[in-house]
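*Asks:* This is run_0.tsv, which holds TSV, C-alpha atoms:
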chain	number	residue	atom	x	y	z
A	1	MET	CA	0.00	0.00	0.00
A	2	ASN	CA	1.92	3.07	-1.19
A	3	GLN	CA	-0.71	5.50	0.00
A	4	PHE	CA	-2.84	5.54	3.13
A	5	GLN	CA	-5.16	7.97	4.85
A	6	GLY	CA	-6.01	7.02	8.41
A	7	GLN	CA	-7.48	8.66	11.50
A	8	ALA	CA	-4.12	9.38	13.08
A	9	LEU	CA	-1.58	8.85	10.32
A	10	SER	CA	-1.30	9.06	6.58
A	11	TRP	CA	1.47	8.25	4.16
A	12	ALA	CA	2.35	8.59	0.51
A	13	VAL	CA	5.40	8.32	-1.74
A	14	LYS	CA	6.47	11.62	-3.27
A	15	ASP	CA	9.64	12.35	-5.28
A	16	GLY	CA	11.27	9.11	-4.12
A	17	THR	CA	10.50	9.88	-0.49
A	18	VAL	CA	7.94	8.25	1.78
A	19	GLU	CA	6.19	10.94	3.79
A	20	LEU	CA	4.49	9.80	6.97
A	21	ALA	CA	2.26	12.49	8.47
A	22	LEU	CA	0.91	12.48	12.02
A	23	HIS	CA	-2.35	14.40	12.08
A	24	ARG	CA	-4.34	13.72	15.20
A	25	GLU	CA	-5.37	16.76	17.24
A	26	PRO	CA	-4.56	18.10	19.74
A	27	CYS	CA	-0.93	16.93	19.63
A	28	ASN	CA	-0.68	13.47	18.07
A	29	GLU	CA	-1.27	11.57	21.28
A	30	LEU	CA	-0.36	8.01	20.28
A	31	GLY	CA	-3.16	5.68	21.35
A	32	SER	CA	-4.51	2.38	20.08
A	33	ILE	CA	-5.66	3.78	16.71
A	34	ALA	CA	-2.33	5.47	16.00
A	35	LEU	CA	-0.46	2.31	16.98
A	36	GLU	CA	-2.68	0.16	14.78
A	37	GLU	CA	-2.10	2.46	11.82
A	38	ALA	CA	1.62	2.70	12.59
A	39	ALA	CA	1.79	-1.12	12.58
A	40	GLN	CA	0.19	-1.09	9.10
A	41	PHE	CA	2.83	1.43	8.07
A	42	ALA	CA	5.62	-0.79	9.42
A	43	ASP	CA	4.18	-3.75	7.50
A	44	SER	CA	4.15	-1.63	4.32
A	45	LEU	CA	7.71	-0.35	4.74
A	46	ALA	CA	9.37	-3.11	2.72
A	47	LYS	CA	7.21	-2.38	-0.32
A	48	LEU	CA	7.45	1.39	0.17
A	49	GLY	CA	11.20	1.04	0.43
A	50	SER	CA	11.37	-0.40	-3.06
A	51	GLU	CA	9.89	2.84	-4.42
A	52	ALA	CA	11.85	5.33	-2.34
A	53	HIS	CA	15.24	6.20	-0.90
A	54	ALA	CA	14.13	8.28	2.10
A	55	LEU	CA	11.43	8.53	4.72
A	56	ILE	CA	10.26	11.76	6.36
A	57	ILE	CA	8.09	11.65	9.47
A	58	PHE	CA	6.38	14.92	10.34
A	59	SER	CA	3.31	16.34	12.03
A	60	SER	CA	0.68	18.48	10.38
A	61	VAL	CA	-0.67	19.46	13.81
A	62	LYS	CA	0.26	22.96	14.95
A	63	ALA	CA	1.02	22.09	18.58
A	64	GLY	CA	3.92	19.84	17.76
A	65	PHE	CA	5.33	16.57	16.53
A	66	SER	CA	3.77	14.38	19.21
A	67	ALA	CA	2.95	14.53	22.91
A	68	GLY	CA	3.67	10.79	23.16
A	69	ALA	CA	1.48	7.97	24.39
A	70	ASP	CA	-2.19	8.76	24.88
A	71	LEU	CA	-2.28	8.94	28.67
A	72	ARG	CA	-6.01	9.55	28.87
A	73	GLU	CA	-6.66	6.38	26.89
A	74	LEU	CA	-4.21	4.50	29.09
A	75	TYR	CA	-5.95	5.74	32.25
A	76	HIS	CA	-9.35	4.78	30.83
A	77	LEU	CA	-8.01	1.30	30.08
A	78	LEU	CA	-6.71	1.04	33.63
A	79	GLN	CA	-10.08	2.06	35.05
A	80	THR	CA	-12.14	-0.29	32.92
A	81	SER	CA	-10.02	-3.45	32.84
A	82	GLU	CA	-9.15	-6.22	35.22
A	83	ARG	CA	-5.59	-5.79	36.43
A	84	ASP	CA	-4.20	-8.79	34.54
A	85	GLN	CA	-5.99	-7.72	31.37
A	86	PHE	CA	-4.61	-4.17	31.74
A	87	LEU	CA	-1.03	-5.40	32.16
A	88	LYS	CA	-1.39	-7.76	29.19
A	89	GLU	CA	-2.80	-4.97	27.02
A	90	VAL	CA	-0.02	-2.58	28.04
A	91	ARG	CA	2.62	-5.14	27.09
A	92	THR	CA	0.89	-5.75	23.75
A	93	ARG	CA	0.88	-2.01	23.00
A	94	VAL	CA	4.48	-1.49	24.11
A	95	GLU	CA	5.64	-4.43	21.99
A	96	ARG	CA	3.68	-3.06	19.03
A	97	ALA	CA	5.32	0.37	19.44
A	98	HIS	CA	8.73	-1.32	19.57
A	99	ARG	CA	8.01	-3.28	16.38
A	100	VAL	CA	7.07	-0.07	14.59
A	101	ILE	CA	10.06	1.97	15.75
A	102	ASN	CA	12.45	-0.94	15.22
A	103	ALA	CA	11.15	-1.27	11.64
A	104	ILE	CA	11.76	2.44	11.04
A	105	ASP	CA	15.18	2.21	12.71
A	106	ALA	CA	16.16	-0.77	10.53
A	107	ALA	CA	14.61	0.48	7.28
A	108	PRO	CA	17.05	0.53	4.34
A	109	LEU	CA	15.85	4.07	3.69
A	110	THR	CA	17.48	7.14	5.16
A	111	THR	CA	14.94	8.38	7.68
A	112	ILE	CA	14.32	11.94	8.82
A	113	ALA	CA	12.12	13.20	11.66
A	114	ALA	CA	11.04	16.76	10.87
A	115	VAL	CA	9.87	18.08	14.22
A	116	HIS	CA	8.41	21.20	15.79
A	117	GLY	CA	6.75	22.14	19.07
A	118	VAL	CA	6.11	19.31	21.47
A	119	VAL	CA	8.38	16.28	21.01
A	120	PHE	CA	7.56	14.39	24.19
A	121	GLY	CA	7.77	10.81	25.41
A	122	GLY	CA	6.73	8.37	22.69
A	123	GLY	CA	6.96	11.17	20.11
A	124	PHE	CA	10.59	11.72	21.08
A	125	GLU	CA	11.15	7.95	20.90
A	126	LEU	CA	9.70	7.85	17.39
A	127	ALA	CA	12.09	10.65	16.35
A	128	LEU	CA	15.00	8.78	17.94
A	129	GLY	CA	14.29	5.84	15.65
A	130	CYS	CA	15.12	8.05	12.67
A	131	ASP	CA	18.59	8.64	11.23
A	132	LEU	CA	18.35	12.44	11.26
A	133	ILE	CA	16.31	14.89	13.29
A	134	ILE	CA	15.57	18.27	11.71
A	135	ALA	CA	13.98	20.57	14.25
A	136	ASP	CA	12.42	23.97	13.93
A	137	LYS	CA	13.18	26.53	16.61
A	138	THR	CA	9.95	25.85	18.50
A	139	ALA	CA	10.78	22.19	19.18
A	140	ARG	CA	11.03	21.05	22.79
A	141	PHE	CA	12.16	17.56	23.70
A	142	CYS	CA	11.15	15.85	26.92
A	143	PHE	CA	10.85	12.50	28.64
A	144	PRO	CA	8.21	13.18	31.30
A	145	GLU	CA	7.68	9.50	32.20
A	146	LEU	CA	9.17	9.70	35.70
A	147	ARG	CA	6.31	12.03	36.65
A	148	LEU	CA	4.04	9.02	36.05
A	149	GLY	CA	6.21	6.57	37.95
A	150	LEU	CA	7.51	5.11	34.69
A	151	ILE	CA	10.50	5.10	32.40
A	152	PRO	CA	10.24	5.69	28.65
A	153	GLY	CA	8.91	2.43	27.25
A	154	TRP	CA	9.17	2.71	23.47
A	155	GLY	CA	12.92	2.36	23.11
A	156	GLY	CA	13.94	5.79	24.37
A	157	ILE	CA	16.68	4.82	26.79
A	158	PRO	CA	18.57	2.31	24.59
A	159	ARG	CA	18.45	4.74	21.65
A	160	LEU	CA	19.58	7.67	23.78
A	161	LYS	CA	22.44	5.48	25.02
A	162	ARG	CA	23.35	4.76	21.42
A	163	ASP	CA	23.56	8.44	20.59
A	164	LEU	CA	24.42	10.45	23.72
A	165	GLY	CA	26.59	10.66	26.80
A	166	ASN	CA	25.19	9.27	30.00
A	167	ALA	CA	25.09	12.61	31.86
A	168	THR	CA	22.77	14.14	29.26
A	169	ILE	CA	20.51	11.11	29.45
A	170	ARG	CA	20.34	11.40	33.24
A	171	ASP	CA	19.46	15.08	32.92
A	172	LEU	CA	16.62	14.30	30.51
A	173	LEU	CA	15.21	11.35	32.42
A	174	LEU	CA	15.76	12.21	36.05
A	175	THR	CA	14.63	15.85	35.90
A	176	GLY	CA	11.86	15.30	33.34
A	177	ARG	CA	12.55	18.81	32.05
A	178	SER	CA	12.04	19.78	28.46
A	179	LEU	CA	15.00	20.88	26.38
A	180	SER	CA	15.02	23.33	23.51
A	181	ALA	CA	16.08	22.37	19.98
A	182	ALA	CA	19.28	24.36	20.49
A	183	LYS	CA	20.16	22.42	23.64
A	184	VAL	CA	19.39	19.08	22.01
A	185	GLN	CA	21.46	20.00	18.98
A	186	GLN	CA	24.32	20.95	21.30
A	187	ALA	CA	24.00	17.48	22.86
A	188	GLY	CA	24.31	15.93	19.40
A	189	LEU	CA	20.83	14.61	18.66
A	190	VAL	CA	19.53	17.25	16.28
A	191	SER	CA	21.08	17.47	12.85
A	192	GLN	CA	19.74	20.85	11.72
A	193	ILE	CA	17.79	23.67	13.34
A	194	VAL	CA	15.59	25.68	11.02
A	195	ALA	CA	13.21	28.62	11.23
A	196	GLU	CA	9.73	28.14	12.63
A	197	GLY	CA	7.54	26.19	10.21
A	198	GLU	CA	10.40	25.21	7.89
A	199	ALA	CA	11.33	21.72	9.13
A	200	LEU	CA	9.36	19.78	6.51
A	201	LYS	CA	10.65	21.93	3.65
A	202	VAL	CA	14.26	21.45	4.78
A	203	ALA	CA	13.68	17.73	5.33
A	204	ARG	CA	12.38	17.43	1.74
A	205	ALA	CA	15.45	19.26	0.42
A	206	THR	CA	17.68	16.96	2.47
A	207	ALA	CA	15.83	13.90	1.15
A	208	LEU	CA	16.36	15.08	-2.43
A	209	GLN	CA	20.09	15.32	-1.76
A	210	LEU	CA	20.13	11.81	-0.26
A	211	GLY	CA	18.55	10.52	-3.46
A	212	LYS	CA	21.79	11.30	-5.30
A	213	PHE	CA	23.67	8.59	-3.39
A	214	ASP	CA	23.82	4.92	-4.26
A	215	ARG	CA	21.07	3.29	-2.24
A	216	HIS	CA	22.91	0.07	-1.47
A	217	THR	CA	25.90	2.02	-0.15
A	218	ALA	CA	23.69	4.28	1.98
A	219	ALA	CA	21.84	1.30	3.44
A	220	THR	CA	25.11	-0.56	4.13
A	221	ALA	CA	26.59	2.51	5.83
A	222	LYS	CA	23.49	2.88	7.96
A	223	ARG	CA	23.59	-0.75	9.13
A	224	PHE	CA	27.27	-0.33	10.03
A	225	ILE	CA	26.93	3.04	11.79
A	226	LYS	CA	23.65	2.51	13.58
A	227	PRO	CA	23.31	-0.92	15.17
A	228	ILE	CA	19.97	-1.58	16.84
A	229	PRO	CA	20.32	-2.45	20.54
A	230	TYR	CA	17.74	-5.26	20.52
A	231	GLU	CA	18.76	-6.80	23.85
A	232	GLU	CA	18.49	-3.51	25.71
A	233	LEU	CA	15.20	-2.74	23.97
A	234	GLN	CA	13.76	-6.01	25.23
A	235	ARG	CA	15.07	-5.29	28.72
A	236	GLU	CA	13.40	-1.88	28.59
A	237	ILE	CA	10.04	-3.51	27.75
A	238	ASP	CA	10.38	-5.79	30.76
A	239	ILE	CA	11.31	-2.97	33.14
A	240	PHE	CA	8.49	-0.78	31.82
A	241	CYS	CA	5.94	-3.56	32.24
A	242	GLU	CA	7.21	-4.24	35.75
A	243	LEU	CA	6.89	-0.56	36.71
A	244	VAL	CA	3.46	-0.09	35.15
A	245	SER	CA	1.98	-2.57	37.64
A	246	ARG	CA	2.88	-0.31	40.59
A	247	PRO	CA	0.31	1.93	42.32
A	248	ALA	CA	2.44	5.03	41.61
A	249	VAL	CA	1.48	4.77	37.95
A	250	GLU	CA	-2.25	4.87	38.59
A	251	ALA	CA	-1.72	7.88	40.86
A	252	GLY	CA	0.44	9.61	38.25
A	253	LEU	CA	-2.03	8.95	35.45
A	254	ARG	CA	-4.96	10.12	37.56
A	255	GLN	CA	-3.11	13.31	38.42
A	256	PHE	CA	-2.45	13.99	34.74
A	257	VAL	CA	-6.01	13.24	33.64
A	258	ASP	CA	-7.56	15.27	36.48
A	259	ARG	CA	-5.45	18.36	35.97
A	260	VAL	CA	-7.48	21.25	34.71
A	261	ASP	CA	-4.82	23.92	35.09
A	262	ALA	CA	-3.12	25.44	32.11
A	263	GLN	CA	0.07	23.47	32.46
A	264	PRO	CA	-0.52	19.69	32.35
A	265	TYR	CA	2.59	19.28	30.22
A	266	LEU	CA	4.77	20.98	32.80
A	267	PRO	CA	6.05	19.06	35.81
A	268	GLN	CA	4.37	19.66	39.17
B	269	MET	CA	23.51	42.25	33.86
B	270	LYS	CA	20.22	43.71	32.73
B	271	SER	CA	18.24	45.67	35.30
B	272	PRO	CA	15.06	44.07	36.70
B	273	ASP	CA	12.94	46.65	34.90
B	274	ARG	CA	14.67	46.03	31.60
B	275	THR	CA	14.22	42.25	31.90
B	276	LEU	CA	10.54	42.69	32.71
B	277	GLU	CA	10.02	45.13	29.85
B	278	GLU	CA	11.67	42.76	27.38
B	279	ILE	CA	9.41	39.89	28.52
B	280	LEU	CA	6.30	42.05	28.17
B	281	SER	CA	7.34	43.23	24.71
B	282	LEU	CA	8.22	39.72	23.57
B	283	ALA	CA	4.89	38.33	24.82
B	284	ALA	CA	2.99	41.19	23.15
B	285	VAL	CA	4.63	40.55	19.79
B	286	HIS	CA	4.49	36.76	19.93
B	287	PHE	CA	0.89	36.49	21.07
B	288	GLN	CA	-0.27	39.57	19.16
B	289	VAL	CA	-1.57	41.48	22.16
B	290	PRO	CA	-1.16	45.28	22.41
B	291	ARG	CA	1.82	45.94	24.68
B	292	GLU	CA	-0.13	48.51	26.73
B	293	LYS	CA	-2.59	45.80	27.75
B	294	LEU	CA	0.09	43.79	29.53
B	295	ARG	CA	1.02	44.66	33.10
B	296	PRO	CA	3.79	43.15	35.26
B	297	ASP	CA	1.46	41.50	37.74
B	298	ASP	CA	-0.99	40.11	35.20
B	299	ASP	CA	-1.68	36.40	35.16
B	300	PHE	CA	-0.19	35.69	31.75
B	301	PHE	CA	-2.25	32.54	31.22
B	302	LYS	CA	-5.39	34.65	31.44
B	303	THR	CA	-4.11	37.82	29.82
B	304	LEU	CA	-2.57	36.02	26.87
B	305	GLY	CA	-5.17	33.26	26.84
B	306	ILE	CA	-2.50	30.58	26.45
B	307	ASP	CA	-2.59	26.89	27.27
B	308	SER	CA	0.19	24.54	28.37
B	309	LEU	CA	1.44	23.90	24.84
B	310	GLN	CA	1.67	27.62	24.14
B	311	THR	CA	3.45	28.03	27.47
B	312	LEU	CA	6.18	25.74	26.19
B	313	ASP	CA	6.38	27.89	23.09
B	314	LEU	CA	6.77	30.99	25.29
B	315	LEU	CA	9.46	29.20	27.28
B	316	THR	CA	11.42	28.54	24.09
B	317	LYS	CA	11.03	32.15	22.98
B	318	LEU	CA	12.30	33.37	26.35
B	319	GLU	CA	15.27	30.98	26.31
B	320	ASN	CA	16.21	32.10	22.81
B	321	HIS	CA	15.76	35.79	23.58
B	322	PHE	CA	17.71	35.85	26.85
B	323	GLN	CA	20.15	33.10	25.84
B	324	VAL	CA	19.43	31.16	29.03
B	325	GLU	CA	18.12	27.74	29.93
B	326	LEU	CA	14.90	27.72	31.90
B	327	PRO	CA	14.02	24.30	33.31
B	328	ASP	CA	10.25	24.11	33.05
B	329	TYR	CA	9.88	22.90	36.65
B	330	GLU	CA	11.12	26.33	37.72
B	331	LEU	CA	8.11	27.87	36.03
B	332	GLN	CA	5.61	25.64	37.79
B	333	GLY	CA	3.34	27.90	39.78
B	334	VAL	CA	4.65	31.04	38.07
B	335	SER	CA	1.83	32.89	36.40
B	336	ASP	CA	2.75	36.59	36.43
B	337	PHE	CA	5.30	38.43	34.34
B	338	ARG	CA	7.13	39.93	37.32
B	339	THR	CA	7.91	36.55	38.92
B	340	LEU	CA	8.85	35.19	35.51
B	341	ALA	CA	11.34	38.04	35.13
B	342	GLU	CA	12.82	37.23	38.54
B	343	ARG	CA	13.30	33.57	37.56
B	344	ILE	CA	15.00	34.57	34.33
B	345	ARG	CA	17.31	37.04	36.12
B	346	THR	CA	18.71	34.25	38.30
B	347	ARG	CA	20.12	32.76	35.09
B	348	LEU	CA	21.39	35.85	33.30
Let me see the structure of the file written as structure tokens.
*Replies:*
Amino acid sequence: MNQFQGQALSWAVKDGTVELALHREPCNELGSIALEEAAQFADSLAKLGSEAHALIIFSSVKAGFSAGADLRELYHLLQTSERDQFLKEVRTRVERAHRVINAIDAAPLTTIAAVHGVVFGGGFELALGCDLIIADKTARFCFPELRLGLIPGWGGIPRLKRDLGNATIRDLLLTGRSLSAAKVQQAGLVSQIVAEGEALKVARATALQLGKFDRHTAATAKRFIKPIPYEELQREIDIFCELVSRPAVEAGLRQFVDRVDAQPYLPQ
Amino acid sequence: MKSPDRTLEEILSLAAVHFQVPREKLRPDDDFFKTLGIDSLQTLDLLTKLENHFQVELPDYELQGVSDFRTLAERIRTRL
């Protein structure tokens, strides 16, 4: 399927580039529908890859790239399921998210996350699966999971460890603070910073340039440079699923869902 | 270092331009969430604008509970 229009995602091949758009208001919260559609995308990647040399992931939502996992949906699931059923469903979703991001990470295409605004949690993890991150000046990156009694569960920690020094990772995870595009570029994660609203345009220009290279060589270089830490990714799933069974998570989710102040995305 | 008044004035001017509110409508002790009508996502946008303008890092937990321009200016001045 080289073109798809879903409720949360859509994709199409354009000028030798697969463009995957996230378009669920208010900020691409990634719930069951988004994960289902993302799994369809991952299944289509092999065929899409035969028609393209690059993949761009971007958001058409003004607020940002993605606020991460849909916490309201997760809380609703917690409230309406038996405990064992909830834990089983969480593991299923986490494993599905890993399959999707692993497929993007391993794709023989050169992959670019074009991000702006909110790049939080699972949204950040999706961007980390890409080869390049192009950020506009409004982008803010954050792993707020510790506020919920959790760690990032969609591959964030192993991929940060692949790319960054440990002190920066501790800063991101243990404070839960958001970092600007400039700070994240300084740390080494962001490839290019562009003016507000220009990330997709610059990503497309970059993708055109990548199309000039021999595809086999680019894919071979990528496999050599960017090994996928499968063992650590599996360990992360296990730790996440262990933590999600603790009462602190229900309390953290309830606090998030109940907040009516203007700053639910800021730490308390 | 910039004076407290200068820091405050720059924040008010920046907020007026960014959120397209007449500068004269913004006062130092205004609740900026109400005056600017901004939500949490726009607050993050303001945070980025302030960091870029003043060339500082502002951990967002430091802004928790801050809702007026004067206190915001004080927080920024501790990092100038």
*Asks:* Which residue is closest to chain B? Choose from A:Arg24, A:Arg223, A:Arg140, A:Arg83 and count all atoms listed in the file.
*Replies:*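 Among the listed residues, A:Arg140 lies closest to chain B.
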*Asks:* For chain B, which residue out of A:Val190, A:Val119, A:Ala42, A:Leu233 is the nearest one, using only C-alpha atoms?
*Replies:*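 Under the stated criterion, the closest residue is A:Val119.
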*Asks:* Go through A:Arg96, A:His53, A:His116, A:Arg91 one by one, measure the shortest atom-to-atom distance of each to A:Cys27 using all atoms listed in the file, and give the residue with the smallest value.
*Replies:* A:His116
*Asks:* Kindly give the distance, in Å, that separates atom CA of A:Val90 and atom CA of A:Gln7, rounded to a single decimal.
*Replies:*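 Computing the Euclidean distance for atom CA of A:Val90 and atom CA of A:Gln7 yields 21.3 Å.
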*Asks:* Kindly give the distance, in Å, that separates atom CA of A:Glu36 and atom CA of A:Ser81, rounded to a single decimal.
*Replies:*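 The value is 19.8 Å.
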*Asks:* Could you list, as JSON, numbers by chain, the residues of chain B having an atom within 6 Å of chain A when counting all atoms listed in the file?
*Replies:* {"B": [307, 308, 327, 328, 329]}
*Asks:* Could you dump the residues just selected with C-alpha atoms as a PDB file, in the frame of the given file?
*Replies:*
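Wrote out-v2.pdb, looks like this:
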ATOM      1  CA  ASP B 307      -2.590  26.890  27.270  1.00  0.00           C
ATOM      2  CA  SER B 308       0.190  24.540  28.370  1.00  0.00           C
ATOM      3  CA  PRO B 327      14.020  24.300  33.310  1.00  0.00           C
ATOM      4  CA  ASP B 328      10.250  24.110  33.050  1.00  0.00           C
ATOM      5  CA  TYR B 329       9.880  22.900  36.650  1.00  0.00           C
TER       6      TYR B 329
END
*Asks:* Can you tell me, as a CSV table (one decimal) with C-alpha atoms, in the coordinates of the input, what residues are no more than 9 Å from A:Glu95 when counting all atoms listed in the file, ignoring any on the same chain fewer than 5 positions away?
*Replies:*
chain,number,residue,atom,x,y,z
A,90,VAL,CA,0.0,-2.6,28.0
A,100,VAL,CA,7.1,-0.1,14.6
A,154,TRP,CA,9.2,2.7,23.5
A,234,GLN,CA,13.8,-6.0,25.2
A,237,ILE,CA,10.0,-3.5,27.8
*Asks:* One decimal, in Å: what's the spacing between atom CA of A:Ala97 and atom CA of A:Ala248?
*Replies:*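 Atom-to-atom, atom CA of A:Ala97 to atom CA of A:Ala248, that is 22.8 Å.
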*Asks:* Applying 12 Å and all atoms listed in the file, which residues near B:Arg274 remain after dropping the ones on its own chain fewer than 6 positions away? List them as a list of chain:residue names.
*Replies:*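 Here the qualifying residues turn out to be B:Leu280, B:Ser281, B:Pro296, B:Phe322, B:Arg338, B:Ala341, B:Glu342, B:Ile344, B:Arg345.
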*Asks:* Between A:Ser245, A:Ser191, A:Gln85, A:Gln40, which has the minimum distance to A:Asp131 (counting only C-alpha atoms)?
*Replies:* A:Ser191
